[in-house]
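Accompanying notes for the structure given below.
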Amino acid sequence: MKHLFLTIFLIIPQLFFAQYQFQYKADLPKIDSTYFYNIFLPPVVTSKLNYKFSDIRIYDSHGREIPYIRNTEENLYKTARRKRLKILQNEHKITKKYTIVLLHNPHKEKIKNLMFTIKNTDAEIWLNISGSDDLKNWQILKNNVRYQHEFSDSATAMLIINDLPETNFEYYRIIFYDYNKEPILIYDANTLLVYGQKKEYVEVPRPHFSQDDTTEPHKTILHIWFDQPQYIDKISFKIASPQFYLRKAELTTHDSATGRKIRLKYYFQNQKDFYLCSDSSNELLLSRYFAKDLYLTVENNNNPPLKFVDVRAYQLKEIIIAQLHKGRHYVLKFGNKNVPPPIYDLKYFQNKIPKNRPEITVRNIVKLSTFKQQKKVIFIKPLYLWIVLSVVVLIMVLISIQLFNKYKPNDFV
């Protein structure tokens, strides 16, 4: 009993006062004037971030955290019109621990973001998103990814998914997993129709590749690998010969645990197959796919093999925007997949941020030797806290009764 009480007493402070550490640090250049800056995050930085690019913070020389917004968030609202999507199904599966929502896009407008009004909870939201034109064949757009809703002091909150590949399916199916927490309640769904938003790509470190034309009959297998995993939004192939060709190809990766082949999803609208053609740019669009090794399998049929001479990969340019002050030194700390997304007030004032901003980039990237991978911090709601405290009080009462019975007053006479 005493040992149980001591264990609880030692664990509780760790639940509430645990702090996150970061694996890497980088400097920002000297700031000559107080202004809002675009801070460019090159692939050498983004490759060390989590899928949402949220485990990054800016600190000044006094250790104070500096608010920022992502450029993608700013562009999303710049020239957009909100359109409500009809909800055909909104059902919580109690036994399966998820909520399934079916959306209808009858005019098949291009969609690259979704917005949901949900019940305000502290829970992280894990979801799957698929698209279909016939309610039978579904193409996966997001598979078991984590999101955090916008901060809100009301009963509802806004969940914004702004990194979808652009598609125009008639139906979208979203599965919200509650993982034994309170159900995710969905009140409405919208999309922001964004016009004139130009995507800008930056090249990731050049991959290596090797070509095998003999292992499988009538096929070429191109092995592509990077020195370290990269987030890839586009990959291009340069082919020297023959002069004319049209070949079906498939891009895959291998599961690191099972070795199973996994076919990547392509996002040329509803295109499910990829062809290499002498009359095209031979570019393949992905959606922030994180990989170190890729395999391109080309169907040659009775034609001579293609001769690949170059492979390049790109990711969408990632920028964060922050107000920096003249004469102060700033550092970025990043790289801890357990860090939750930051919540800053700055995003509510995007219309007050100057549109023309100087761009700076990080430098002097170093690995922090003090980093220790931490388990996810448990955030306890007030109700659960009172339950824990009640249990502690009960244990103390039981210990007191036990001591009283063991050492009765007559024992001291």
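Letters A, B, ... mark the chains of the structure tokens in the order given; residue numbers begin at 1 per chain; ligand numbers begin at 1, in order shown.
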
Output as number ranges by chain all residues of region 26-117 of chain A that backbone DSSP marks as strand (DSSP E). A: 26-27, 35-41, 56-60, 65-66, 69-70, 80-84, 86-93, 98-104, 114-117

Neighbouring residues of Pro304 (chain A) were defined as those with any atom within 10 Å, considering only C-alpha atoms; residues of the same chain fewer than 4 positions away were excluded. Please report them as a PyMOL selection string. chain A and resi 213+218-220+241-242+245+300

Please write the residues from the selection above to a file, keeping N, CA and C atoms, as a compact mmCIF listing (two decimals), in the first residue's frame.
```
# COMPACT_ATOMS: atom_id res chain seq x y z
N ASP A 213 17.13 -4.56 -66.40
CA ASP A 213 16.28 -4.93 -67.54
C ASP A 213 16.17 -6.44 -67.72
N HIS A 218 10.44 -8.79 -70.05
CA HIS A 218 9.72 -7.69 -70.68
C HIS A 218 9.44 -6.53 -69.72
N LYS A 219 10.26 -6.41 -68.69
CA LYS A 219 10.08 -5.31 -67.73
C LYS A 219 11.41 -4.66 -67.39
N THR A 220 11.34 -3.37 -67.08
CA THR A 220 12.49 -2.64 -66.54
C THR A 220 12.15 -2.23 -65.12
N SER A 241 16.47 7.22 -74.76
CA SER A 241 16.07 6.45 -75.94
C SER A 241 15.07 5.37 -75.51
N PRO A 242 14.29 4.87 -76.49
CA PRO A 242 14.25 5.17 -77.92
C PRO A 242 13.58 6.52 -78.20
N TYR A 245 8.12 6.33 -77.58
CA TYR A 245 7.72 5.29 -76.62
C TYR A 245 6.44 5.71 -75.89
N ASN A 300 7.59 -3.19 -70.82
CA ASN A 300 8.21 -2.99 -72.13
C ASN A 300 7.50 -3.73 -73.25
```

Worksheet item: What lies within 8 Å of Leu164 (chain A) using only C-alpha atoms, ignoring chain neighbours under 6 positions off, as number ranges by chain?
Response: A: 111-113, 141-142, 287

Would you mind listing, for every residue of region 208-257 of chain A within 8 Å of region 38-47 of chain A, the two atoms forming the shortest contact and the distance between them in Å to one decimal, using only C-alpha atoms, sorted by chain and ascending residue number, as a tab-separated table?
```
residue	atom	partner	partner_atom	distance
A:Pro229	CA	A:Ser47	CA	6.6
A:Gln230	CA	A:Ser47	CA	5.1
A:Tyr231	CA	A:Ser47	CA	6.2
```

Restricting it to C-alpha atoms, dump the selection as a compact mmCIF listing (two decimals), in the first residue's frame.
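Output (selection_37.txt):
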```
# COMPACT_ATOMS: atom_id res chain seq x y z
CA PRO A 229 14.14 9.71 -46.39
CA GLN A 230 12.51 12.70 -48.10
CA TYR A 231 9.01 14.12 -48.46
```

Polymer residues at most 9 Å from Gln323 (chain A), only C-alpha atoms, same-chain spacing of 2 or more positions, as a PyMOL selection string: chain A and resi 34-37+66-68+321+325

Review point. Contacts of Leu294 (chain A) at 6 Å or less, counting only C-alpha atoms, minus same-chain residues fewer than 6 places along, as a list in words?
Key: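 Using only C-alpha atoms, the neighbours found are Ile224, Thr252 and Thr253 of chain A.
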
Atom pair CA of Asn120 (chain A) + CA of Ala157 (chain A), distance 5.0 Å

Could you check which of A:Ile319, A:Ile161, A:Leu135, A:Ile140 is closest to His104 (chain A), using only C-alpha atoms?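 Residue with the minimum atom-to-atom distance to His104 (chain A): A:Leu135.
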
Please provide the set of residues having any atom within 9 Å of Pro29 (chain A), restricted to only C-alpha atoms, with same-chain residues fewer than 6 positions apart removed, written as a list in words.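 My list of contacting residues is His329, Tyr330, Ile360, Thr361, Val362 and Arg363 of chain A.
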
- Task: Go ahead and compute the interatomic distance for CA of Phe244 (chain A) and CA of Val309 (chain A), in Å to one decimal.
- Result: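 So the two atoms, CA of Phe244 (chain A) and CA of Val309 (chain A), lie 15.8 Å apart.
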
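Residue neighbourhood of Asp255 (chain A), excluding near-sequence residues (fewer than 4 positions): Gly259, Arg260, Lys261, Ile262, Arg263, Leu264, Ala291, Lys292, Asp293 and Leu294 of chain A, at 12 Å, using only C-alpha atoms.
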
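Distance check against Tyr201 (chain A) using only C-alpha atoms: of A:Ile31, A:Leu332, A:Leu316, A:Val145, the minimum falls on A:Leu316.
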
Note to self: My list of candidates is A:Gly131, A:Arg84, A:Ile125, A:Glu170. Which is closest to His107 (chain A) when distances are computed with only C-alpha atoms?
What the structure shows: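 Residue with the minimum atom-to-atom distance to His107 (chain A): A:Glu170.
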
Could you jot down the CA of Ile184 (chain A) to CA of Leu85 (chain A) separation for me, Å, one decimal place?
->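 Going from CA of Ile184 (chain A) over to CA of Leu85 (chain A) covers 18.4 Å.
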